[in-house]
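S.K.: Handing over data-v4.cif, mmCIF, C-alpha atoms.
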data_target
#
loop_
_atom_site.label_atom_id
_atom_site.label_comp_id
_atom_site.auth_asym_id
_atom_site.auth_seq_id
_atom_site.Cartn_x
_atom_site.Cartn_y
_atom_site.Cartn_z
CA MET A 87 -13.34 -10.87 0.35
CA GLY A 88 -10.58 -13.42 -0.28
CA THR A 89 -11.26 -17.02 -1.17
CA THR A 90 -9.31 -18.28 1.85
CA THR A 91 -12.33 -17.99 4.16
CA ALA A 92 -15.26 -17.98 1.76
CA ALA A 93 -17.71 -20.85 1.65
CA PRO A 94 -17.64 -23.01 -1.50
CA GLY A 95 -20.05 -22.54 -4.38
CA LEU A 96 -21.81 -19.36 -5.48
CA GLY A 97 -21.16 -17.66 -2.12
CA ALA A 98 -17.42 -18.08 -2.61
CA ARG A 99 -17.56 -16.61 -6.09
CA LEU A 100 -19.61 -13.68 -4.84
CA TYR A 101 -17.19 -13.05 -2.03
CA SER A 102 -14.15 -13.25 -4.28
CA ALA A 103 -15.85 -10.83 -6.68
CA ALA A 104 -16.62 -8.25 -4.00
CA ASP A 105 -12.97 -8.26 -2.84
CA TRP A 106 -11.55 -8.45 -6.39
CA TYR A 107 -7.97 -7.65 -5.38
CA ASP A 108 -8.10 -9.84 -2.24
CA SER A 109 -7.53 -7.14 0.37
CA GLU A 110 -8.44 -9.67 3.02
CA SER A 111 -5.11 -11.37 2.33
CA LEU A 112 -3.52 -8.53 4.35
CA LEU A 113 -5.03 -10.09 7.46
CA THR A 114 -3.59 -12.87 9.59
CA GLN A 115 -5.10 -16.34 9.55
CA ASP A 116 -6.52 -15.75 13.04
CA GLU A 117 -8.18 -12.52 11.94
CA ARG A 118 -9.71 -14.25 8.94
CA ARG A 119 -11.03 -17.01 11.17
CA VAL A 120 -12.78 -14.42 13.37
CA LEU A 121 -14.33 -12.82 10.29
CA ALA A 122 -15.45 -16.23 9.03
CA ARG A 123 -17.16 -16.80 12.38
CA LEU A 124 -18.99 -13.49 12.02
CA ARG A 125 -19.89 -14.21 8.38
CA ASP A 126 -21.35 -17.59 9.28
CA PHE A 127 -23.49 -16.07 12.02
CA LEU A 128 -24.78 -13.32 9.75
CA ASP A 129 -25.62 -15.74 6.96
CA ARG A 130 -27.40 -18.24 9.21
CA GLU A 131 -29.01 -16.11 11.92
CA ALA A 132 -29.29 -12.52 10.70
CA LYS A 133 -30.13 -12.61 6.99
CA PRO A 134 -33.42 -14.54 7.36
CA LEU A 135 -34.76 -11.81 9.70
CA LEU A 136 -33.73 -8.64 7.89
CA ALA A 137 -36.58 -8.04 5.45
CA GLU A 138 -39.26 -8.59 8.09
CA TYR A 139 -37.67 -6.36 10.72
CA TRP A 140 -36.73 -3.67 8.21
CA GLU A 141 -40.36 -3.47 7.08
CA ARG A 142 -41.56 -3.39 10.70
CA GLY A 143 -39.07 -0.67 11.59
CA GLU A 144 -37.79 -2.68 14.55
CA PHE A 145 -34.35 -3.91 15.51
CA PRO A 146 -34.04 -7.72 15.87
CA GLU A 147 -33.00 -7.67 19.52
CA GLN A 148 -32.50 -11.43 19.51
CA LEU A 149 -29.33 -10.84 17.48
CA ALA A 150 -27.75 -8.42 19.96
CA ARG A 151 -26.45 -10.83 22.60
CA PRO A 152 -25.19 -13.45 20.10
CA LEU A 153 -23.33 -10.70 18.21
CA ILE A 154 -21.74 -9.52 21.45
CA ASP A 155 -20.84 -13.09 22.40
CA LEU A 156 -18.92 -13.52 19.15
CA ASP A 157 -16.16 -11.49 20.85
CA LEU A 158 -15.42 -9.32 17.84
CA MET A 159 -14.14 -6.09 19.36
CA GLU A 160 -10.94 -7.49 20.89
CA PRO A 161 -11.04 -11.22 20.04
CA ALA A 162 -9.19 -13.40 22.53
CA GLU A 163 -7.39 -15.32 19.77
CA LEU A 164 -5.82 -12.15 18.34
CA THR A 165 -2.72 -11.83 20.49
CA THR A 166 -0.66 -9.53 18.28
CA ASP A 167 -1.21 -5.93 17.25
CA GLY A 168 -0.03 -3.87 14.30
CA PRO A 169 -1.30 -2.27 11.09
CA ALA A 170 -3.32 -5.33 10.12
CA ARG A 171 -5.38 -5.12 13.33
CA GLY A 172 -6.91 -1.88 12.10
CA ILE A 173 -7.71 -3.54 8.79
CA TYR A 174 -9.37 -6.40 10.67
CA GLN A 175 -11.54 -3.86 12.49
CA GLY A 176 -12.42 -2.30 9.16
CA PHE A 177 -13.36 -5.65 7.64
CA ARG A 178 -15.47 -6.37 10.71
CA ILE A 179 -17.50 -3.27 9.82
CA PHE A 180 -17.48 -4.20 6.12
CA GLU A 181 -18.81 -7.68 6.96
CA LEU A 182 -21.68 -6.27 9.00
CA ALA A 183 -22.55 -3.58 6.44
CA ARG A 184 -22.55 -5.92 3.44
CA THR A 185 -25.22 -7.83 5.37
CA ASP A 186 -27.18 -4.84 6.68
CA ALA A 187 -26.46 -1.16 7.31
CA SER A 188 -28.45 -1.06 10.56
CA LEU A 189 -26.51 -3.98 12.02
CA ALA A 190 -23.25 -2.21 11.15
CA THR A 191 -24.49 1.08 12.59
CA TRP A 192 -25.71 -0.63 15.77
CA TYR A 193 -22.39 -2.39 16.35
CA THR A 194 -20.19 0.57 15.54
CA ALA A 195 -22.24 2.79 17.84
CA GLN A 196 -20.47 0.87 20.62
CA ALA A 197 -17.28 -0.41 18.98
CA GLY A 198 -16.58 2.82 17.08
CA LEU A 199 -18.38 5.91 18.34
CA PHE A 200 -18.67 5.20 22.06
CA ARG A 201 -15.36 3.41 22.32
CA THR A 202 -13.61 6.31 20.60
CA ALA A 203 -15.28 8.79 22.95
CA VAL A 204 -13.83 6.90 25.91
CA ARG A 205 -10.46 6.17 24.28
CA VAL A 206 -9.88 9.78 23.22
CA GLY A 207 -11.85 11.68 25.84
CA ALA A 208 -11.34 9.81 29.09
CA SER A 209 -8.42 10.22 31.45
CA GLU A 210 -6.10 7.27 32.07
CA GLN A 211 -7.91 6.49 35.31
CA GLN A 212 -11.31 6.64 33.63
CA GLN A 213 -10.11 4.47 30.76
CA ALA A 214 -8.78 1.86 33.17
CA GLU A 215 -12.22 1.66 34.76
CA TRP A 216 -14.46 1.94 31.71
CA MET A 217 -12.66 0.51 28.70
CA PRO A 218 -12.87 -3.18 29.69
CA LYS A 219 -16.61 -2.69 30.19
CA VAL A 220 -16.93 -0.99 26.82
CA ILE A 221 -15.16 -3.88 25.10
CA ASP A 222 -17.35 -6.58 26.66
CA PHE A 223 -20.54 -4.44 26.33
CA SER A 224 -21.20 -4.46 30.08
CA LEU A 225 -21.18 -0.66 29.75
CA LYS A 226 -23.20 0.21 26.67
CA GLY A 227 -23.07 3.77 25.42
CA VAL A 228 -23.92 6.02 22.50
CA PHE A 229 -22.35 9.15 21.02
CA SER A 230 -24.73 12.08 21.52
CA LEU A 231 -23.50 15.08 19.53
CA THR A 232 -26.04 16.02 16.83
CA GLU A 233 -28.81 18.39 17.87
CA PRO A 234 -32.25 19.20 16.41
CA GLU A 235 -31.01 22.46 14.87
CA SER A 236 -27.33 21.62 14.39
CA GLY A 237 -25.73 18.89 12.31
CA SER A 238 -23.07 20.06 9.88
CA ASP A 239 -22.65 23.29 11.87
CA ILE A 240 -22.35 21.56 15.23
CA ALA A 241 -18.91 23.05 15.97
CA GLY A 242 -20.35 26.52 16.32
CA GLY A 243 -24.01 25.68 16.70
CA LEU A 244 -23.90 23.26 19.64
CA SER A 245 -26.42 24.69 22.10
CA THR A 246 -26.74 22.07 24.86
CA THR A 247 -25.33 23.72 27.99
CA ALA A 248 -23.37 22.51 31.01
CA ARG A 249 -23.32 24.57 34.22
CA ARG A 250 -20.79 23.79 36.95
CA GLN A 251 -22.29 23.70 40.45
CA ALA A 252 -20.70 24.66 43.76
CA ASP A 253 -20.34 20.98 44.72
CA GLY A 254 -18.43 20.27 41.49
CA SER A 255 -21.30 18.52 39.69
CA TRP A 256 -22.78 19.72 36.41
CA ILE A 257 -26.30 20.55 35.21
CA LEU A 258 -27.06 19.78 31.56
CA ASP A 259 -29.87 21.33 29.53
CA GLY A 260 -30.63 20.89 25.85
CA ALA A 261 -31.55 18.29 23.25
CA LYS A 262 -29.86 15.72 21.02
CA ARG A 263 -31.28 14.10 17.90
CA TRP A 264 -30.68 11.09 15.63
CA ILE A 265 -28.90 9.21 18.44
CA GLY A 266 -28.87 5.57 17.37
CA GLY A 267 -29.22 2.91 20.06
CA ALA A 268 -29.95 5.35 22.88
CA ALA A 269 -32.94 3.42 24.19
CA THR A 270 -30.84 0.35 25.04
CA ALA A 271 -27.69 2.16 26.19
CA ASP A 272 -26.57 2.43 29.81
CA VAL A 273 -25.02 5.87 29.33
CA LEU A 274 -25.18 8.68 26.79
CA ALA A 275 -21.92 10.41 25.86
CA VAL A 276 -23.35 13.94 25.77
CA PHE A 277 -21.44 16.94 24.44
CA ALA A 278 -22.39 20.29 25.92
CA ARG A 279 -21.08 23.85 25.97
CA ASP A 280 -19.72 25.04 29.31
CA THR A 281 -21.52 28.27 30.19
CA ALA A 282 -18.44 29.50 32.06
CA ASP A 283 -15.83 29.39 29.28
CA GLY A 284 -17.91 28.61 26.17
CA GLN A 285 -15.88 25.46 25.47
CA VAL A 286 -17.34 22.03 24.69
CA LYS A 287 -17.19 19.40 27.41
CA ALA A 288 -18.36 15.75 27.38
CA PHE A 289 -20.25 13.72 29.98
CA LEU A 290 -21.42 10.14 30.43
CA VAL A 291 -25.05 10.59 31.39
CA ASP A 292 -27.10 7.77 32.91
CA ARG A 293 -29.89 7.06 30.44
CA ALA A 294 -32.35 6.70 33.31
CA ALA A 295 -31.25 9.88 35.14
CA ALA A 296 -33.86 12.39 36.25
CA GLY A 297 -34.49 14.92 33.50
CA VAL A 298 -33.54 12.59 30.59
CA THR A 299 -36.36 11.91 28.12
CA LEU A 300 -36.04 9.71 25.05
CA GLU A 301 -38.44 9.65 22.10
CA LYS A 302 -38.16 7.20 19.22
CA ILE A 303 -37.87 8.88 15.81
CA SER A 304 -40.42 7.17 13.59
CA GLY A 305 -41.45 7.55 9.97
CA LYS A 306 -37.95 6.90 8.59
CA THR A 307 -37.39 5.54 5.09
CA SER A 308 -33.73 4.66 5.72
CA LEU A 309 -32.01 2.59 8.41
CA ARG A 310 -35.47 1.53 9.50
CA MET A 311 -34.18 -1.18 11.86
CA MET A 312 -31.86 1.22 13.69
CA GLN A 313 -33.67 2.85 16.58
CA ASN A 314 -32.80 6.57 16.59
CA ALA A 315 -33.84 8.80 19.46
CA HIS A 316 -34.60 12.42 20.16
CA ILE A 317 -33.16 13.11 23.63
CA THR A 318 -34.26 15.96 25.88
CA LEU A 319 -32.04 16.97 28.81
CA ALA A 320 -33.81 19.11 31.41
CA GLY A 321 -31.76 19.97 34.49
CA VAL A 322 -29.83 16.68 34.38
CA ARG A 323 -27.24 16.46 37.15
CA VAL A 324 -23.96 14.71 36.33
CA PRO A 325 -21.07 14.23 38.78
CA GLU A 326 -17.60 15.49 37.84
CA SER A 327 -16.39 11.88 37.89
CA MET A 328 -18.57 11.20 34.83
CA ARG A 329 -17.13 14.06 32.81
CA LEU A 330 -14.65 12.93 30.13
CA HIS A 331 -11.65 14.77 31.51
CA ASN A 332 -9.71 15.03 28.24
CA VAL A 333 -12.48 16.85 26.37
CA ASN A 334 -12.06 20.55 26.95
CA SER A 335 -12.85 22.10 23.55
CA PHE A 336 -14.35 21.21 20.21
CA LYS A 337 -10.84 20.41 18.98
CA ASP A 338 -10.96 17.36 21.22
CA VAL A 339 -14.32 16.38 19.71
CA ALA A 340 -12.86 16.87 16.22
CA ALA A 341 -10.12 14.39 17.07
CA MET A 342 -12.83 11.81 17.76
CA LEU A 343 -14.65 12.57 14.52
CA ARG A 344 -11.39 12.30 12.59
CA ALA A 345 -10.91 8.78 13.89
CA MET A 346 -14.55 7.71 13.47
CA ARG A 347 -15.13 8.95 9.94
CA SER A 348 -13.08 6.05 8.59
CA ASP A 349 -15.58 3.65 10.17
CA VAL A 350 -18.38 5.22 8.12
CA ALA A 351 -16.29 4.87 4.96
CA TRP A 352 -16.02 1.13 5.72
CA ILE A 353 -19.82 1.01 6.19
CA ALA A 354 -20.37 2.72 2.84
CA THR A 355 -17.99 0.23 1.22
CA GLY A 356 -19.84 -2.70 2.79
CA ILE A 357 -23.22 -1.42 1.62
CA ALA A 358 -21.91 -1.10 -1.93
CA ALA A 359 -20.54 -4.66 -1.76
CA GLY A 360 -23.82 -6.01 -0.40
CA ALA A 361 -25.85 -4.34 -3.14
CA PHE A 362 -23.44 -5.59 -5.80
CA GLU A 363 -23.58 -9.16 -4.48
CA ALA A 364 -27.39 -9.10 -4.29
CA ALA A 365 -27.62 -7.82 -7.87
CA LEU A 366 -25.09 -10.38 -9.12
CA THR A 367 -27.01 -13.22 -7.48
CA TYR A 368 -30.26 -12.02 -9.01
CA VAL A 369 -29.04 -11.57 -12.61
CA ASN A 370 -27.37 -15.00 -12.57
CA GLN A 371 -30.67 -16.61 -11.56
CA ARG A 372 -33.22 -14.51 -13.44
CA GLN A 373 -34.25 -15.66 -16.92
CA GLN A 374 -35.43 -13.16 -19.54
CA PHE A 375 -36.00 -13.79 -23.28
CA GLY A 376 -34.96 -17.40 -22.75
CA ARG A 377 -31.52 -16.66 -21.30
CA SER A 378 -29.82 -15.57 -18.08
CA LEU A 379 -30.18 -11.86 -17.34
CA GLY A 380 -26.49 -11.85 -16.53
CA SER A 381 -25.64 -12.77 -20.13
CA PHE A 382 -26.81 -9.41 -21.52
CA GLN A 383 -24.19 -6.83 -22.48
CA LEU A 384 -25.80 -3.86 -20.73
CA VAL A 385 -26.20 -5.85 -17.51
CA GLN A 386 -22.56 -6.92 -17.59
CA GLU A 387 -21.48 -3.30 -18.13
CA ARG A 388 -23.36 -2.25 -15.01
CA LEU A 389 -21.95 -5.14 -13.02
CA ALA A 390 -18.45 -4.05 -14.04
CA ARG A 391 -19.14 -0.48 -12.91
CA MET A 392 -20.44 -1.71 -9.56
CA LEU A 393 -17.35 -3.87 -9.10
CA GLY A 394 -15.14 -0.89 -9.93
CA ASN A 395 -16.92 1.17 -7.28
CA VAL A 396 -16.52 -1.52 -4.61
CA THR A 397 -12.87 -2.15 -5.51
CA GLY A 398 -12.08 1.56 -5.49
CA SER A 399 -13.76 1.95 -2.12
CA LEU A 400 -11.88 -0.98 -0.60
CA SER A 401 -8.60 0.47 -1.86
CA LEU A 402 -9.40 3.81 -0.22
CA VAL A 403 -10.41 2.45 3.17
CA VAL A 404 -7.61 -0.10 3.39
CA ARG A 405 -4.96 2.51 2.64
CA LEU A 406 -6.54 5.04 5.01
CA THR A 407 -6.60 2.41 7.76
CA GLU A 408 -2.93 1.56 7.15
CA GLN A 409 -2.05 5.24 7.49
CA GLN A 410 -4.03 5.60 10.70
CA ALA A 411 -2.31 2.50 12.11
CA LYS A 412 0.94 4.47 11.70
CA GLY A 413 -0.53 7.35 13.70
CA ILE A 414 -1.27 9.53 10.65
CA TYR A 415 -4.67 11.10 11.28
CA ARG A 416 -5.60 14.00 9.00
CA ASP A 417 -9.07 15.47 8.60
CA GLU A 418 -8.70 15.60 4.83
CA ASP A 419 -7.76 11.91 4.61
CA SER A 420 -10.82 10.61 6.43
CA ALA A 421 -12.98 13.23 4.67
CA LEU A 422 -11.79 12.02 1.26
CA ALA A 423 -12.54 8.40 2.14
CA LYS A 424 -16.01 9.19 3.51
CA MET A 425 -16.87 11.44 0.55
CA GLN A 426 -15.70 9.12 -2.22
CA THR A 427 -16.92 5.82 -0.77
CA SER A 428 -20.33 7.43 -0.25
CA LEU A 429 -20.42 8.53 -3.88
CA PHE A 430 -19.39 5.06 -5.02
CA MET A 431 -22.00 3.53 -2.70
CA ARG A 432 -24.79 5.74 -4.02
CA ASP A 433 -23.91 4.91 -7.62
CA THR A 434 -23.66 1.20 -6.85
CA VAL A 435 -27.02 0.85 -5.10
CA ALA A 436 -28.69 2.75 -7.96
CA LEU A 437 -27.11 0.45 -10.55
CA ALA A 438 -28.06 -2.61 -8.49
CA ARG A 439 -31.67 -1.49 -8.32
CA GLU A 440 -31.60 -0.83 -12.06
CA VAL A 441 -30.37 -4.27 -13.14
CA VAL A 442 -32.80 -6.03 -10.81
CA GLY A 443 -35.66 -4.12 -12.44
CA GLY A 444 -39.09 -4.03 -10.85
CA ASN A 445 -38.08 -6.59 -8.24
CA GLY A 446 -35.45 -4.11 -7.08
CA ILE A 447 -38.10 -2.17 -5.16
CA THR A 448 -39.10 -5.21 -3.10
CA LEU A 449 -37.35 -6.48 0.01
CA ALA A 450 -37.13 -10.00 -1.41
CA THR A 451 -33.90 -9.31 -3.34
CA ASP A 452 -32.15 -7.25 -0.59
CA VAL A 453 -31.36 -4.55 -3.17
CA ALA A 454 -34.19 -2.26 -2.03
CA ARG A 455 -32.94 -2.34 1.56
CA PHE A 456 -29.39 -1.38 0.54
CA HIS A 457 -30.77 1.27 -1.83
CA ALA A 458 -32.79 2.97 0.92
CA ASP A 459 -30.24 2.58 3.72
CA ALA A 460 -27.47 4.12 1.62
CA GLU A 461 -29.18 7.51 1.85
CA ALA A 462 -28.65 7.73 5.60
CA VAL A 463 -25.01 6.73 5.36
CA TYR A 464 -24.48 9.28 2.57
CA SER A 465 -25.41 12.04 5.04
CA TYR A 466 -24.22 11.01 8.49
CA GLU A 467 -20.72 11.57 9.91
CA GLY A 468 -20.15 14.43 7.48
CA THR A 469 -22.21 15.27 4.40
CA HIS A 470 -20.68 15.20 0.93
CA GLU A 471 -20.43 19.00 0.90
CA ILE A 472 -18.76 19.30 4.30
CA ASN A 473 -16.19 16.64 3.46
CA ALA A 474 -15.52 18.26 0.09
CA LEU A 475 -14.81 21.60 1.80
CA ILE A 476 -12.44 19.92 4.26
CA ILE A 477 -10.53 18.46 1.31
CA GLY A 478 -10.67 21.74 -0.59
CA ARG A 479 -9.23 23.61 2.38
CA ALA A 480 -6.31 21.19 2.52
CA LEU A 481 -5.70 21.51 -1.22
CA THR A 482 -5.81 25.30 -1.46
CA GLY A 483 -4.97 26.52 2.02
CA GLU A 484 -8.20 28.54 1.90
CA SER A 485 -11.29 27.83 3.98
CA ALA A 486 -14.56 28.08 2.05
CA PHE A 487 -16.70 27.41 5.12
CA THR A 488 -19.22 30.14 5.83
CA ARG A 489 -18.47 32.22 8.85
#
Before we go any further, please render this structure as structure tokens.

M.R.:
Amino acid sequence: MGTTTAAPGLGARLYSAADWYDSESLLTQDERRVLARLRDFLDREAKPLLAEYWERGEFPEQLARPLIDLDLMEPAELTTDGPARGIYQGFRIFELARTDASLATWYTAQAGLFRTAVRVGASEQQQAEWMPKVIDFSLKGVFSLTEPESGSDIAGGLSTTARRQADGSWILDGAKRWIGGAATADVLAVFARDTADGQVKAFLVDRAAAGVTLEKISGKTSLRMMQNAHITLAGVRVPESMRLHNVNSFKDVAAMLRAMRSDVAWIATGIAAGAFEAALTYVNQRQQFGRSLGSFQLVQERLARMLGNVTGSLSLVVRLTEQQAKGIYRDEDSALAKMQTSLFMRDTVALAREVVGGNGITLATDVARFHADAEAVYSYEGTHEINALIIGRALTGESAFTR
């Protein structure tokens, strides 16, 4: 990002390179100070742990409380709102993702997914009670939509059921899969189909409620630090007071996804930046044939392509965020950002691994971690194909989705 907050030396040059057009300059001084605080923490406390915990497939829980205590979601020193605030939130995600995709996914599970579920789905009374707890993490939650047999087709394929009881409570039955952070959440924001009207409803389910079973998904080759769960719901009783009262159809869920997809585009942009920075560091230090690897023409060409990808991605997400700050939320806009930043990310991590050579498959250079983690981000919150069809529908007025 911009040189105004970057540390001196090589780190400053790397940061200026990753934000080539200085998009961070759109932020206020206070917002940049908050980001600098986050950056310092990640550099000092998080980075030394990442390779070890990624290889172990465990999340470094010792980072959770310090990250929360940084007061990043609604920082006390940010007293004004406006379009730049959304860009600050985007750069917060970017900062986490350029360090590690799992850290970004873990934080946005609360600050993005769960917070959006409450902000969009809860009634005013529910928001007044829950939102302060969401912001300070005293109520930790996760977004539980994807199911074992339904991902891209979740709108029509959602099979978890909700049955209204005579006393007004609800009984939930079904399963959810790939739910990141579920094991440490207080509540699960579960989406289920009402057996009475066939419409989708949403509920905050106590993670420890009778009938809730969580199983860790193991054997992953991407986002290894992020703890994803398979959740089984068997006769789980939920009071009406814990139903999100503004979610009464899948259209309401779609409004959440529309808002959250931009967060994933920022994650993809951050991953691309992190891979680029790791590759740039390596080629400037590595000697081959008696000279710096970074002095070779073919290496410089690949560095330029990576920079173009990162710069293009930042331009997309910044402009999308500015539009959303004005209240302009269109499915095709967030779909375009998610689709294109993911393509840029995939190309960038491949180029980074290429210029680092054999060392690019080890965790020592960071490139391998970005390379592997990019595959999960490429698929979640809307695959390339689904986002392309959303854009195509907007362009032609014709839906190419299968019926």

S.K.: For each of A:Ala288, A:Ile257, A:Ala296, A:Val463, take the minimum atom-to-atom distance to Met328 of chain A, counting only C-alpha atoms, then give the residue where this is smallest.

M.R.: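 Ranked by minimum distance to Met328 of chain A, first place goes to A:Ala288.
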
S.K.: My list of candidates is A:His316, A:Arg249, A:Arg178, A:Arg263. Which is closest to Gly284 of chain A when distances are computed with only C-alpha atoms?

M.R.: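 Of A:His316, A:Arg249, A:Arg178, A:Arg263, the one nearest Gly284 of chain A, counting only C-alpha atoms, is A:Arg249.
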
S.K.: Please give the centre and size of the box around segment 461-472 of chain A (axis-aligned, containing every atom listed in the file, 4 Å added per side), with values in Å to one decimal and written as lines of an AutoDock Vina configuration file.

M.R.:
center_x = -24.0
center_y = 13.0
center_z = 5.4
size_x = 18.4
size_y = 20.6
size_z = 17.0

S.K.: One number please: atom CA of Leu121 of chain A to atom CA of Leu164 of chain A, in Å, one decimal.

M.R.: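 A separation of 11.7 Å between them.
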
S.K.: Just want the 9 Å neighbourhood of Tyr174 of chain A, counted on all atoms listed in the file, with same-chain residues fewer than 2 positions away dropped. Output as a ChimeraX atom specification.

M.R.: /A:110,112-114,117-118,121,170-172,176-179

S.K.: Within 10 Å of Asp417 of chain A, counting only C-alpha atoms, which residues qualify if same-chain residues fewer than 5 places away don't, as number ranges by chain?

M.R.: A: 340-341, 343-345, 347, 422, 473, 476-477, 480

S.K.: I need the output of the PyMOL selection byres ((chain A and resi 435) around 7) for this file as a list of chain:residue names; which residues are they?

M.R.: A:Ala358, A:Ala361, A:Met431, A:Arg432, A:Asp433, A:Thr434, A:Ala436, A:Leu437, A:Ala438, A:Arg439, A:Phe456, A:His457

S.K.: May I ask which of the residues A:Thr367, A:Asn395, A:Asn334, A:Thr281 is the closest one to Thr451 of chain A, counting all atoms listed in the file?

M.R.: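 Of A:Thr367, A:Asn395, A:Asn334, A:Thr281, the one nearest Thr451 of chain A, counting all atoms listed in the file, is A:Thr367.
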
S.K.: Quick one: everything within 8 Å of Val369 of chain A, counting all atoms listed in the file, minus sequence neighbours fewer than 4 positions away in the same chain. Send it as a compact mmCIF listing (two decimals) with C-alpha atoms, in the coordinates of the input.

M.R.:
# COMPACT_ATOMS: atom_id res chain seq x y z
CA ALA A 365 -27.62 -7.82 -7.87
CA GLN A 373 -34.25 -15.66 -16.92
CA SER A 378 -29.82 -15.57 -18.08
CA LEU A 379 -30.18 -11.86 -17.34
CA GLY A 380 -26.49 -11.85 -16.53
CA VAL A 441 -30.37 -4.27 -13.14
CA VAL A 442 -32.80 -6.03 -10.81

S.K.: Given the choices A:Ser335, A:Thr246, A:Ser348, A:Ser308, which gets closest to Ser420 of chain A if the distance is worked out from only C-alpha atoms?

M.R.: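 Using only C-alpha atoms, Ser420 of chain A sits closest to A:Ser348.
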
S.K.: Find, counting only C-alpha atoms, the residue in A:Arg391, A:Arg205, A:Arg455, A:His470 that gets nearest to Met311 of chain A.

M.R.: A:Arg455

S.K.: Counting all atoms listed in the file, write as a CSV table (one decimal) with C-alpha atoms, in the coordinates of the input all protein and nucleic acid residues lying at most 12 Å from (-11.1, 4.1, 10.0) in the file's frame.

M.R.:
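Result file is result_6.csv:
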chain,number,residue,atom,x,y,z
A,169,PRO,CA,-1.3,-2.3,11.1
A,171,ARG,CA,-5.4,-5.1,13.3
A,172,GLY,CA,-6.9,-1.9,12.1
A,173,ILE,CA,-7.7,-3.5,8.8
A,174,TYR,CA,-9.4,-6.4,10.7
A,175,GLN,CA,-11.5,-3.9,12.5
A,176,GLY,CA,-12.4,-2.3,9.2
A,177,PHE,CA,-13.4,-5.6,7.6
A,178,ARG,CA,-15.5,-6.4,10.7
A,179,ILE,CA,-17.5,-3.3,9.8
A,180,PHE,CA,-17.5,-4.2,6.1
A,194,THR,CA,-20.2,0.6,15.5
A,197,ALA,CA,-17.3,-0.4,19.0
A,198,GLY,CA,-16.6,2.8,17.1
A,199,LEU,CA,-18.4,5.9,18.3
A,202,THR,CA,-13.6,6.3,20.6
A,342,MET,CA,-12.8,11.8,17.8
A,343,LEU,CA,-14.6,12.6,14.5
A,344,ARG,CA,-11.4,12.3,12.6
A,345,ALA,CA,-10.9,8.8,13.9
A,346,MET,CA,-14.6,7.7,13.5
A,347,ARG,CA,-15.1,9.0,9.9
A,348,SER,CA,-13.1,6.0,8.6
A,349,ASP,CA,-15.6,3.6,10.2
A,350,VAL,CA,-18.4,5.2,8.1
A,351,ALA,CA,-16.3,4.9,5.0
A,352,TRP,CA,-16.0,1.1,5.7
A,353,ILE,CA,-19.8,1.0,6.2
A,354,ALA,CA,-20.4,2.7,2.8
A,355,THR,CA,-18.0,0.2,1.2
A,400,LEU,CA,-11.9,-1.0,-0.6
A,402,LEU,CA,-9.4,3.8,-0.2
A,403,VAL,CA,-10.4,2.4,3.2
A,404,VAL,CA,-7.6,-0.1,3.4
A,405,ARG,CA,-5.0,2.5,2.6
A,406,LEU,CA,-6.5,5.0,5.0
A,407,THR,CA,-6.6,2.4,7.8
A,408,GLU,CA,-2.9,1.6,7.2
A,409,GLN,CA,-2.0,5.2,7.5
A,410,GLN,CA,-4.0,5.6,10.7
A,411,ALA,CA,-2.3,2.5,12.1
A,413,GLY,CA,-0.5,7.4,13.7
A,414,ILE,CA,-1.3,9.5,10.6
A,415,TYR,CA,-4.7,11.1,11.3
A,416,ARG,CA,-5.6,14.0,9.0
A,417,ASP,CA,-9.1,15.5,8.6
A,419,ASP,CA,-7.8,11.9,4.6
A,420,SER,CA,-10.8,10.6,6.4
A,421,ALA,CA,-13.0,13.2,4.7
A,422,LEU,CA,-11.8,12.0,1.3
A,423,ALA,CA,-12.5,8.4,2.1
A,424,LYS,CA,-16.0,9.2,3.5

S.K.: Using the chain letters and numbers from the file, which residues does the PyMOL selection byres ((chain A and resi 209) around 7) grab, as a VMD selection string?

M.R.: chain A and resid 207 to 208 210 to 213 330 to 332

S.K.: Can I get the selection written as a compact mmCIF listing (two decimals), keeping the file's coordinate frame, with C-alpha atoms?

M.R.:
# COMPACT_ATOMS: atom_id res chain seq x y z
CA GLY A 207 -11.85 11.68 25.84
CA ALA A 208 -11.34 9.81 29.09
CA GLU A 210 -6.10 7.27 32.07
CA GLN A 211 -7.91 6.49 35.31
CA GLN A 212 -11.31 6.64 33.63
CA GLN A 213 -10.11 4.47 30.76
CA LEU A 330 -14.65 12.93 30.13
CA HIS A 331 -11.65 14.77 31.51
CA ASN A 332 -9.71 15.03 28.24

S.K.: In Å, how far is it from atom CA of Ala122 of chain A to atom CA of Gln313 of chain A?

M.R.: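 Atom CA of Ala122 of chain A sits 27.4 Å away from atom CA of Gln313 of chain A.
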
S.K.: Between A:Gln196, A:Asn314, A:Thr270, A:Thr185, which is the closest to Glu147 of chain A once you count all atoms listed in the file?

M.R.: A:Thr270

S.K.: As a ChimeraX atom specification, please: the residues near Gly242 of chain A (cut-off 10 Å, only C-alpha atoms, same-chain neighbours under 4 positions excluded).

M.R.: /A:236,238,286,336,489

S.K.: With C-alpha atoms retained, write the just-selected residues as a compact mmCIF listing (two decimals), in the coordinates of the input.

M.R.:
# COMPACT_ATOMS: atom_id res chain seq x y z
CA SER A 236 -27.33 21.62 14.39
CA SER A 238 -23.07 20.06 9.88
CA VAL A 286 -17.34 22.03 24.69
CA PHE A 336 -14.35 21.21 20.21
CA ARG A 489 -18.47 32.22 8.85

S.K.: Report the distance between atom CA of Arg388 of chain A and atom CA of Ser465 of chain A in Å, rounded to one decimal place.

M.R.: 24.7 Å

S.K.: I'd like the residues picked by the PyMOL selection byres ((chain A and resi 188) around 10) written out as a list in words, using the chain letters and numbers from the file.

M.R.: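 Taken over the shown coordinates, the PyMOL selection byres ((chain A and resi 188) around 10) returns Leu136, Trp140, Phe145, Leu182, Ala183, Thr185, Asp186, Ala187, Leu189, Ala190, Thr191, Trp192, Tyr193, Thr194, Gly266, Ser308, Leu309, Arg310, Met311, Met312, Gln313, Ile353, Asp459 and Val463 of chain A.
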